[in-house]
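**Q** The structure is given below, and queries will be raised subsequently.
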Amino acid sequence: MRCLKFHLPVLVAATFVASCVVGAEPRMPEQVDERVCDNYSQTDFRSNEAHQYCDTAPQQAAVAPGAARFLDSACLCKQGIQTSGFVDIGIGANNWGADWNGPVSFNDRSWQGQMNQLYFITERVLQENELSWGGRVDLLYGTDSIYTTASGLDGPPSDWSTNRYYGLAMPQIYGELGSQKLNVKVGHFYTLLGYEVVPATGNFFYTHSYTMTYGEPFTHTGVLGTWNPNDRLSIIGGVTNGWDNWDVGASNNQANPSSGSSSNAAFLGAVKFTSCDGTRALTIANSTGKQESGAENAAGQSFTGTCSITSLVYSNDVTGKLTYVFQGDFGYQENSNPFYETPGQPSGAAYWYGLNQYLFYNFTDYLAGGLRFEWFRDNNGTRVLTGGLRSGAATGNGNGFAGNFCEMTWGLNCQLGKNIVIRPELRYDWFKGDDDWFAQGGGGPGNMPYGKNLERDSQFYGGCDIIWSF
């Protein structure tokens with residue numbers, strides 16, 4: 001396995017280099033099978049709209065319809081293999097002049113340009129109604145790589161980072177067997193939970209919600225089966241080894257060993273219902289299994305317990321121009337031993353909740369506006385981190401933030417041709433801590449979410465990025 005961890009990124013990188021050499025020129029229609037190369041992703045898209053929203057599971061990265069794909073080649077397309085990618089570069093800042101934008105992600109550095117994602121995809125899509133094989137490999141290089149690392153692969157104890165801010169991650173590498181109607185996936189893949197996704201091309205906004213960043217897993221490793229009995233129903237289910245984990249097993253030095261605690265196997269599944277006219281969709285997803293809670297006893301032994309999260313996403317294409325999306329999440333972790341205990345809930349447990357609402361409006365074929373309002377409750381101060389997820393960011397006194405986070409984000413998507421999208425946005429965040437949390441030593445100067453000295457309970461942010469698909 002140690003040899004595999006060393007050679008795997010090298011082999012995959014070599015595959016992409018070979019693909020780039022073969023497909024160095026833009027795709028020519030007369031050289032390829034359009035039915036293969038146009039069937040790029042499992043994500044549904046509508047043509048002639050500036051904003052292409054993502055509401056299907058499994059959630060994937062995709063390019064806009066008709067965009068030139070410079071890595072495709074006739075040789076690969078004849079084998080049903082598509083190659084593509086994009087680069088996402090942006091900058092943002094907060095009104096307090098702090099070096100970090102606090103818990104705001106993925107653009108966490110203030111007034112520092114970031115290449116968030118240099119993203120490459122190699123994929124073979126399954127046939128629609130016949131037995132076939134497929135698969136996909138994603139590589140992400142940039143400052144966003146930290147959000148997709150998996151323990152034992154590109155995360156601890158491995159490390160594919162090149163410096164403090166930039167690194168390489170492989171968020172997906174899996175094989176598939178079956179058809180578009182019924183198939184089995186084996187490997188490493190993005191989660192089914194939530195609405196927002198890691199690839200920049202799958203989101204309207206540059207920054208992300210608290211619910212996604214702090215309340216949901218990013219990736220899983222395991223086996224998933226998908227059944228699409230008709231155009232209106234999708235059922236997905238399988239077994240994984242927990243959140244953001246490649247092959248790291250349960251700890252042998254547990255603080256609370258019990259029957260079954262030596263296994264970190266977890267259920268992952270989703271059900272999606274779509275209306276007859278395709279304008280409305282409802283997805284319910286869940287992940288449940290035992291894993292380390294992050295807490296330790298005085299002897300340094302890790303606590304384990306059931307971690308479960310359920311996500312509901314409803315989308316409604318209200319008119320040809322207006323789209324509404326609602327997301328609700330509920331999660332809990334046993335034996336988390338939080339600093340702040342909530343009366344009435346089991347001792348040692350941690351809970352979190354998220355409610356997100358989105359409105360998107362297409363002004364023209366090339367300009368769309370978006371609004372996101374979010375309420376995220378970190379019930380026991382175990383989810384949201386002072387300076388975000390990146391090491392080296394400002395940190396507070398370690399008591400977390402037991403209370404309510406809210407944010408309102410306004411943004412535009414400006415599409416320049418088929419390959420370039422510019423996403424400016426403004427965002428306001430505010431936090432209201434629980435009274436008992438303050439009374440027990442939380443909050444106060446040095447342990448608030450925002451500001452140069454972690455002394456502020458609100459923040460105004462502005463940022464912009466540009467995505468070029470190739």
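Lettering and numbering for the structure tokens are positional, with chains as A, B, ... in the shown order, residues counted from 1 in each chain, and ligands counted from 1 in the shown order.
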Might you pull out every residue within 6 Å of Gly178 (chain A), with only C-alpha atoms counted and same-chain residues fewer than 5 positions away left off, and present them as a list of chain:residue names?
**A** A:Leu131, A:Ser132, A:Asn183
**Q** Could you take the residues named above and write them with C-alpha atoms, as an mmCIF file, in the first residue's frame?
**A**
```cif
data_model
loop_
_atom_site.group_PDB
_atom_site.id
_atom_site.type_symbol
_atom_site.label_atom_id
_atom_site.label_comp_id
_atom_site.auth_asym_id
_atom_site.auth_seq_id
_atom_site.Cartn_x
_atom_site.Cartn_y
_atom_site.Cartn_z
ATOM 1 C CA LEU A 131 -23.844 -3.122 -20.365
ATOM 2 C CA SER A 132 -20.597 -1.171 -20.473
ATOM 3 C CA ASN A 183 -24.754 0.428 -12.421
#
```
**Q** Assign secondary structure with DSSP using the backbone only, and return the residues of region 79-253 of chain A in helix (DSSP H, G or I) as a PyMOL selection string.
**A** chain A and resi 143-147+200-202+210-215
**Q** Please produce a file of those selected residues containing C-alpha atoms, as a PDB file, in the first residue's frame.
**A**
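To be explicit, this is the file written out as selection_37.pdb:
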```pdb
ATOM      1  CA  THR A 143      -5.506  26.335  -2.775  1.00  0.00           C
ATOM      2  CA  ASP A 144      -8.807  24.408  -2.680  1.00  0.00           C
ATOM      3  CA  SER A 145      -7.022  21.048  -2.531  1.00  0.00           C
ATOM      4  CA  ILE A 146      -7.196  20.975   1.271  1.00  0.00           C
ATOM      5  CA  TYR A 147     -10.981  20.635   1.131  1.00  0.00           C
ATOM      6  CA  ALA A 200     -15.988  25.582  -9.313  1.00  0.00           C
ATOM      7  CA  THR A 201     -17.975  24.883 -12.498  1.00  0.00           C
ATOM      8  CA  GLY A 202     -20.774  23.319 -10.425  1.00  0.00           C
ATOM      9  CA  TYR A 210     -21.029  27.050   6.265  1.00  0.00           C
ATOM     10  CA  THR A 211     -23.299  24.054   5.806  1.00  0.00           C
ATOM     11  CA  MET A 212     -21.107  22.623   3.056  1.00  0.00           C
ATOM     12  CA  THR A 213     -17.717  23.549   4.497  1.00  0.00           C
ATOM     13  CA  TYR A 214     -18.263  22.567   8.128  1.00  0.00           C
ATOM     14  CA  GLY A 215     -21.331  20.342   8.139  1.00  0.00           C
TER      15      GLY A 215
END
```
**Q** Using only C-alpha atoms, pick whichever of A:Leu312, A:Val104, A:Ile235, A:Ile121 has the shortest atom-to-atom distance to Val384 (chain A).
**A**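 The answer is A:Val104, which sits nearest to Val384 (chain A).
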**Q** Can you tell me, as a compact mmCIF listing (two decimals) with N, CA and C atoms, in the first residue's frame, what residues are no more than 9 Å from Trp133 (chain A) when counting only C-alpha atoms, ignoring any on the same chain fewer than 2 positions away?
**A**
```txt
# COMPACT_ATOMS: atom_id res chain seq x y z
N ARG A 124 -14.86 8.09 -18.74
CA ARG A 124 -15.55 7.25 -19.72
C ARG A 124 -16.97 7.02 -19.20
N VAL A 125 -17.95 7.56 -19.91
CA VAL A 125 -19.34 7.53 -19.48
C VAL A 125 -19.98 6.20 -19.90
N LEU A 126 -20.83 5.67 -19.03
CA LEU A 126 -21.53 4.43 -19.32
C LEU A 126 -22.53 4.63 -20.45
N GLN A 127 -22.78 3.54 -21.20
CA GLN A 127 -23.79 3.59 -22.24
C GLN A 127 -25.18 3.68 -21.60
N LEU A 131 -24.93 -2.88 -21.31
CA LEU A 131 -23.84 -3.12 -20.36
C LEU A 131 -22.53 -2.55 -20.90
N GLY A 135 -15.65 4.99 -15.92
CA GLY A 135 -14.87 5.43 -14.77
C GLY A 135 -14.48 6.89 -14.90
N GLY A 175 -14.18 3.28 -10.80
CA GLY A 175 -14.61 2.54 -11.97
C GLY A 175 -16.09 2.21 -11.86
N GLU A 176 -16.75 2.04 -13.01
CA GLU A 176 -18.17 1.75 -13.04
C GLU A 176 -18.45 0.59 -14.00
N LEU A 177 -19.51 -0.16 -13.69
CA LEU A 177 -19.95 -1.24 -14.55
C LEU A 177 -21.47 -1.23 -14.58
N GLY A 178 -22.03 -1.28 -15.79
CA GLY A 178 -23.48 -1.29 -15.93
C GLY A 178 -23.92 -0.38 -17.05
N SER A 179 -25.07 0.25 -16.85
CA SER A 179 -25.61 1.19 -17.82
C SER A 179 -26.07 2.44 -17.08
```
**Q** Leaving out region 287-294 of chain A and any residue of its chain fewer than 5 positions from it, which residues lie within 7 Å of it when counting only C-alpha atoms, given as a PDB file with N, CA and C atoms, in the first residue's frame?
**A**
```
ATOM      1  N   GLY A 242     -16.607   5.967   5.690  1.00  0.00           N
ATOM      2  CA  GLY A 242     -16.761   7.215   6.423  1.00  0.00           C
ATOM      3  C   GLY A 242     -16.469   8.460   5.623  1.00  0.00           C
ATOM      4  N   ALA A 250     -10.352   2.106  11.769  1.00  0.00           N
ATOM      5  CA  ALA A 250     -10.677   2.614  13.096  1.00  0.00           C
ATOM      6  C   ALA A 250      -9.470   2.487  14.017  1.00  0.00           C
ATOM      7  N   SER A 261     -17.180  -1.092  17.210  1.00  0.00           N
ATOM      8  CA  SER A 261     -16.427   0.162  17.116  1.00  0.00           C
ATOM      9  C   SER A 261     -15.114   0.006  16.372  1.00  0.00           C
ATOM     10  N   ASN A 264     -15.252   1.123  10.654  1.00  0.00           N
ATOM     11  CA  ASN A 264     -15.729   2.455  10.287  1.00  0.00           C
ATOM     12  C   ASN A 264     -16.599   2.413   9.036  1.00  0.00           C
ATOM     13  N   ALA A 265     -17.194   1.250   8.764  1.00  0.00           N
ATOM     14  CA  ALA A 265     -18.107   1.132   7.627  1.00  0.00           C
ATOM     15  C   ALA A 265     -19.321   2.024   7.841  1.00  0.00           C
ATOM     16  N   ALA A 266     -19.755   2.693   6.774  1.00  0.00           N
ATOM     17  CA  ALA A 266     -20.878   3.618   6.863  1.00  0.00           C
ATOM     18  C   ALA A 266     -21.811   3.427   5.673  1.00  0.00           C
ATOM     19  N   PHE A 267     -23.076   3.712   5.898  1.00  0.00           N
ATOM     20  CA  PHE A 267     -24.054   3.709   4.806  1.00  0.00           C
ATOM     21  C   PHE A 267     -24.041   5.070   4.122  1.00  0.00           C
ATOM     22  N   LEU A 268     -24.145   5.061   2.798  1.00  0.00           N
ATOM     23  CA  LEU A 268     -24.298   6.284   2.017  1.00  0.00           C
ATOM     24  C   LEU A 268     -25.370   6.040   0.973  1.00  0.00           C
ATOM     25  N   GLY A 269     -26.373   6.889   0.933  1.00  0.00           N
ATOM     26  CA  GLY A 269     -27.441   6.689  -0.031  1.00  0.00           C
ATOM     27  C   GLY A 269     -28.198   7.967  -0.327  1.00  0.00           C
ATOM     28  N   SER A 302      -8.597   7.968  21.480  1.00  0.00           N
ATOM     29  CA  SER A 302      -9.638   8.604  20.674  1.00  0.00           C
ATOM     30  C   SER A 302     -11.016   8.035  21.002  1.00  0.00           C
ATOM     31  N   PHE A 303     -11.996   8.925  21.049  1.00  0.00           N
ATOM     32  CA  PHE A 303     -13.385   8.508  21.198  1.00  0.00           C
ATOM     33  C   PHE A 303     -13.977   8.209  19.822  1.00  0.00           C
ATOM     34  N   THR A 304     -14.811   7.191  19.749  1.00  0.00           N
ATOM     35  CA  THR A 304     -15.539   6.879  18.516  1.00  0.00           C
ATOM     36  C   THR A 304     -17.031   6.902  18.804  1.00  0.00           C
ATOM     37  N   GLY A 305     -17.816   7.054  17.759  1.00  0.00           N
ATOM     38  CA  GLY A 305     -19.264   7.069  17.915  1.00  0.00           C
ATOM     39  C   GLY A 305     -19.941   7.234  16.579  1.00  0.00           C
ATOM     40  N   THR A 306     -21.237   7.078  16.575  1.00  0.00           N
ATOM     41  CA  THR A 306     -22.008   7.204  15.348  1.00  0.00           C
ATOM     42  C   THR A 306     -22.028   8.643  14.859  1.00  0.00           C
ATOM     43  N   CYS A 307     -21.701   8.810  13.594  1.00  0.00           N
ATOM     44  CA  CYS A 307     -21.792  10.115  12.935  1.00  0.00           C
ATOM     45  C   CYS A 307     -22.831   9.992  11.837  1.00  0.00           C
ATOM     46  N   SER A 308     -23.836  10.830  11.871  1.00  0.00           N
ATOM     47  CA  SER A 308     -24.921  10.738  10.897  1.00  0.00           C
ATOM     48  C   SER A 308     -25.298  12.121  10.397  1.00  0.00           C
ATOM     49  N   ILE A 309     -25.554  12.214   9.106  1.00  0.00           N
ATOM     50  CA  ILE A 309     -26.015  13.471   8.525  1.00  0.00           C
ATOM     51  C   ILE A 309     -27.040  13.176   7.442  1.00  0.00           C
ATOM     52  N   THR A 310     -28.108  13.947   7.461  1.00  0.00           N
ATOM     53  CA  THR A 310     -29.171  13.840   6.455  1.00  0.00           C
ATOM     54  C   THR A 310     -29.330  15.186   5.768  1.00  0.00           C
ATOM     55  N   GLN A 333     -22.911  13.874  16.011  1.00  0.00           N
ATOM     56  CA  GLN A 333     -21.757  13.021  16.276  1.00  0.00           C
ATOM     57  C   GLN A 333     -21.783  12.603  17.736  1.00  0.00           C
ATOM     58  N   ASN A 335     -20.266  11.016  21.240  1.00  0.00           N
ATOM     59  CA  ASN A 335     -19.000  11.014  21.988  1.00  0.00           C
ATOM     60  C   ASN A 335     -18.030  12.085  21.505  1.00  0.00           C
ATOM     61  N   SER A 336     -18.573  13.239  21.163  1.00  0.00           N
ATOM     62  CA  SER A 336     -17.731  14.339  20.724  1.00  0.00           C
ATOM     63  C   SER A 336     -17.126  15.096  21.902  1.00  0.00           C
TER      64      SER A 336
END
```
**Q** What gap, in Å, lies between CA of His188 (chain A) and CA of Thr219 (chain A)?
**A**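 Distance reported for this atom pair: 7.1 Å.
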**Q** Excluding region 405-416 of chain A and its own-chain neighbours fewer than 2 positions away, which residues fall within 6 Å of it when counting only C-alpha atoms? Please give them as a ChimeraX atom specification.
**A** /A:50,366-376,420-431
**Q** With N, CA and C atoms retained, export the selected residues as a PDB file, in the first residue's frame.
**A**
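Produced file again.pdb, reproduced below:
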```pdb
ATOM      1  N   ALA A  50     -26.996  31.697 -18.760  1.00  0.00           N
ATOM      2  CA  ALA A  50     -25.709  32.060 -18.180  1.00  0.00           C
ATOM      3  C   ALA A  50     -25.396  31.214 -16.959  1.00  0.00           C
ATOM      4  N   TYR A 366     -26.434  35.552 -21.140  1.00  0.00           N
ATOM      5  CA  TYR A 366     -25.039  35.645 -20.706  1.00  0.00           C
ATOM      6  C   TYR A 366     -24.871  36.307 -19.341  1.00  0.00           C
ATOM      7  N   LEU A 367     -25.969  36.649 -18.674  1.00  0.00           N
ATOM      8  CA  LEU A 367     -25.879  37.304 -17.375  1.00  0.00           C
ATOM      9  C   LEU A 367     -26.970  36.784 -16.453  1.00  0.00           C
ATOM     10  N   ALA A 368     -26.558  36.320 -15.259  1.00  0.00           N
ATOM     11  CA  ALA A 368     -27.495  35.815 -14.260  1.00  0.00           C
ATOM     12  C   ALA A 368     -27.138  36.376 -12.900  1.00  0.00           C
ATOM     13  N   GLY A 369     -28.151  36.545 -12.068  1.00  0.00           N
ATOM     14  CA  GLY A 369     -27.952  37.017 -10.706  1.00  0.00           C
ATOM     15  C   GLY A 369     -28.344  35.936  -9.719  1.00  0.00           C
ATOM     16  N   GLY A 370     -27.707  35.955  -8.547  1.00  0.00           N
ATOM     17  CA  GLY A 370     -27.997  34.944  -7.543  1.00  0.00           C
ATOM     18  C   GLY A 370     -28.014  35.525  -6.149  1.00  0.00           C
ATOM     19  N   LEU A 371     -28.816  34.921  -5.287  1.00  0.00           N
ATOM     20  CA  LEU A 371     -28.923  35.309  -3.884  1.00  0.00           C
ATOM     21  C   LEU A 371     -28.904  34.046  -3.037  1.00  0.00           C
ATOM     22  N   ARG A 372     -28.099  34.036  -1.993  1.00  0.00           N
ATOM     23  CA  ARG A 372     -28.065  32.924  -1.047  1.00  0.00           C
ATOM     24  C   ARG A 372     -28.238  33.457   0.364  1.00  0.00           C
ATOM     25  N   PHE A 373     -29.189  32.876   1.098  1.00  0.00           N
ATOM     26  CA  PHE A 373     -29.339  33.192   2.516  1.00  0.00           C
ATOM     27  C   PHE A 373     -29.186  31.907   3.309  1.00  0.00           C
ATOM     28  N   GLU A 374     -28.340  31.937   4.342  1.00  0.00           N
ATOM     29  CA  GLU A 374     -28.042  30.733   5.101  1.00  0.00           C
ATOM     30  C   GLU A 374     -28.140  30.979   6.596  1.00  0.00           C
ATOM     31  N   TRP A 375     -28.719  29.996   7.287  1.00  0.00           N
ATOM     32  CA  TRP A 375     -28.648  29.910   8.741  1.00  0.00           C
ATOM     33  C   TRP A 375     -27.996  28.579   9.085  1.00  0.00           C
ATOM     34  N   PHE A 376     -26.874  28.637   9.810  1.00  0.00           N
ATOM     35  CA  PHE A 376     -26.173  27.428  10.234  1.00  0.00           C
ATOM     36  C   PHE A 376     -25.984  27.485  11.734  1.00  0.00           C
ATOM     37  N   ILE A 420     -15.664  31.071 -20.700  1.00  0.00           N
ATOM     38  CA  ILE A 420     -15.240  31.929 -19.597  1.00  0.00           C
ATOM     39  C   ILE A 420     -16.456  32.419 -18.816  1.00  0.00           C
ATOM     40  N   VAL A 421     -16.375  32.307 -17.491  1.00  0.00           N
ATOM     41  CA  VAL A 421     -17.405  32.822 -16.588  1.00  0.00           C
ATOM     42  C   VAL A 421     -16.719  33.663 -15.520  1.00  0.00           C
ATOM     43  N   ILE A 422     -17.247  34.854 -15.275  1.00  0.00           N
ATOM     44  CA  ILE A 422     -16.759  35.736 -14.216  1.00  0.00           C
ATOM     45  C   ILE A 422     -17.822  35.786 -13.127  1.00  0.00           C
ATOM     46  N   ARG A 423     -17.390  35.626 -11.844  1.00  0.00           N
ATOM     47  CA  ARG A 423     -18.343  35.535 -10.741  1.00  0.00           C
ATOM     48  C   ARG A 423     -18.017  36.556  -9.638  1.00  0.00           C
ATOM     49  N   PRO A 424     -18.460  37.810  -9.776  1.00  0.00           N
ATOM     50  CA  PRO A 424     -18.304  38.758  -8.671  1.00  0.00           C
ATOM     51  C   PRO A 424     -19.365  38.499  -7.602  1.00  0.00           C
ATOM     52  N   GLU A 425     -19.033  38.798  -6.338  1.00  0.00           N
ATOM     53  CA  GLU A 425     -20.021  38.610  -5.273  1.00  0.00           C
ATOM     54  C   GLU A 425     -19.730  39.525  -4.089  1.00  0.00           C
ATOM     55  N   LEU A 426     -20.788  39.832  -3.339  1.00  0.00           N
ATOM     56  CA  LEU A 426     -20.716  40.532  -2.064  1.00  0.00           C
ATOM     57  C   LEU A 426     -21.367  39.641  -1.017  1.00  0.00           C
ATOM     58  N   ARG A 427     -20.827  39.685   0.196  1.00  0.00           N
ATOM     59  CA  ARG A 427     -21.312  38.772   1.231  1.00  0.00           C
ATOM     60  C   ARG A 427     -21.244  39.434   2.599  1.00  0.00           C
ATOM     61  N   TYR A 428     -22.286  39.203   3.407  1.00  0.00           N
ATOM     62  CA  TYR A 428     -22.296  39.696   4.788  1.00  0.00           C
ATOM     63  C   TYR A 428     -22.539  38.519   5.720  1.00  0.00           C
ATOM     64  N   ASP A 429     -21.646  38.341   6.709  1.00  0.00           N
ATOM     65  CA  ASP A 429     -21.739  37.259   7.689  1.00  0.00           C
ATOM     66  C   ASP A 429     -21.931  37.847   9.078  1.00  0.00           C
ATOM     67  N   TRP A 430     -22.716  37.168   9.912  1.00  0.00           N
ATOM     68  CA  TRP A 430     -22.821  37.559  11.306  1.00  0.00           C
ATOM     69  C   TRP A 430     -23.066  36.338  12.192  1.00  0.00           C
ATOM     70  N   PHE A 431     -22.613  36.452  13.441  1.00  0.00           N
ATOM     71  CA  PHE A 431     -22.680  35.349  14.393  1.00  0.00           C
ATOM     72  C   PHE A 431     -23.312  35.822  15.689  1.00  0.00           C
TER      73      PHE A 431
END
```
**Q** Quick one: residues within 12 Å of Ala299 (chain A), only C-alpha atoms counted, chain neighbours fewer than 5 positions away excluded, as a list in words?
**A**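 Residues near the query, excluding close chain neighbours: Asn253, Gln254 and Ala255 of chain A.
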**Q** Based on the selection just made, write C-alpha atoms of those residues as a short mmCIF file (atom, residue, chain, number, x, y, z; two decimals), in the first residue's frame.
**A**
```cif
data_model
loop_
_atom_site.label_atom_id
_atom_site.label_comp_id
_atom_site.auth_asym_id
_atom_site.auth_seq_id
_atom_site.Cartn_x
_atom_site.Cartn_y
_atom_site.Cartn_z
CA ASN A 253 -6.42 2.79 20.87
CA GLN A 254 -10.01 3.74 21.56
CA ALA A 255 -11.18 5.54 24.65
#
```
**Q** Go through A:Gln82, A:Ser469, A:Thr386, A:Asn230 one by one, measure the shortest atom-to-atom distance of each to Gly417 (chain A) using only C-alpha atoms, and give the residue with the smallest value.
**A**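 Distance minimum relative to Gly417 (chain A) lands on A:Ser469.
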**Q** Tell me, as an MDAnalysis selection string, which residues lie within 10 Å of Leu192 (chain A), counting only C-alpha atoms; anything in the same chain fewer than 2 positions away does not count.
**A** chainID A and resid 56:59 189:190 194:195 197 216:220 236:237 268:271 283:287 311
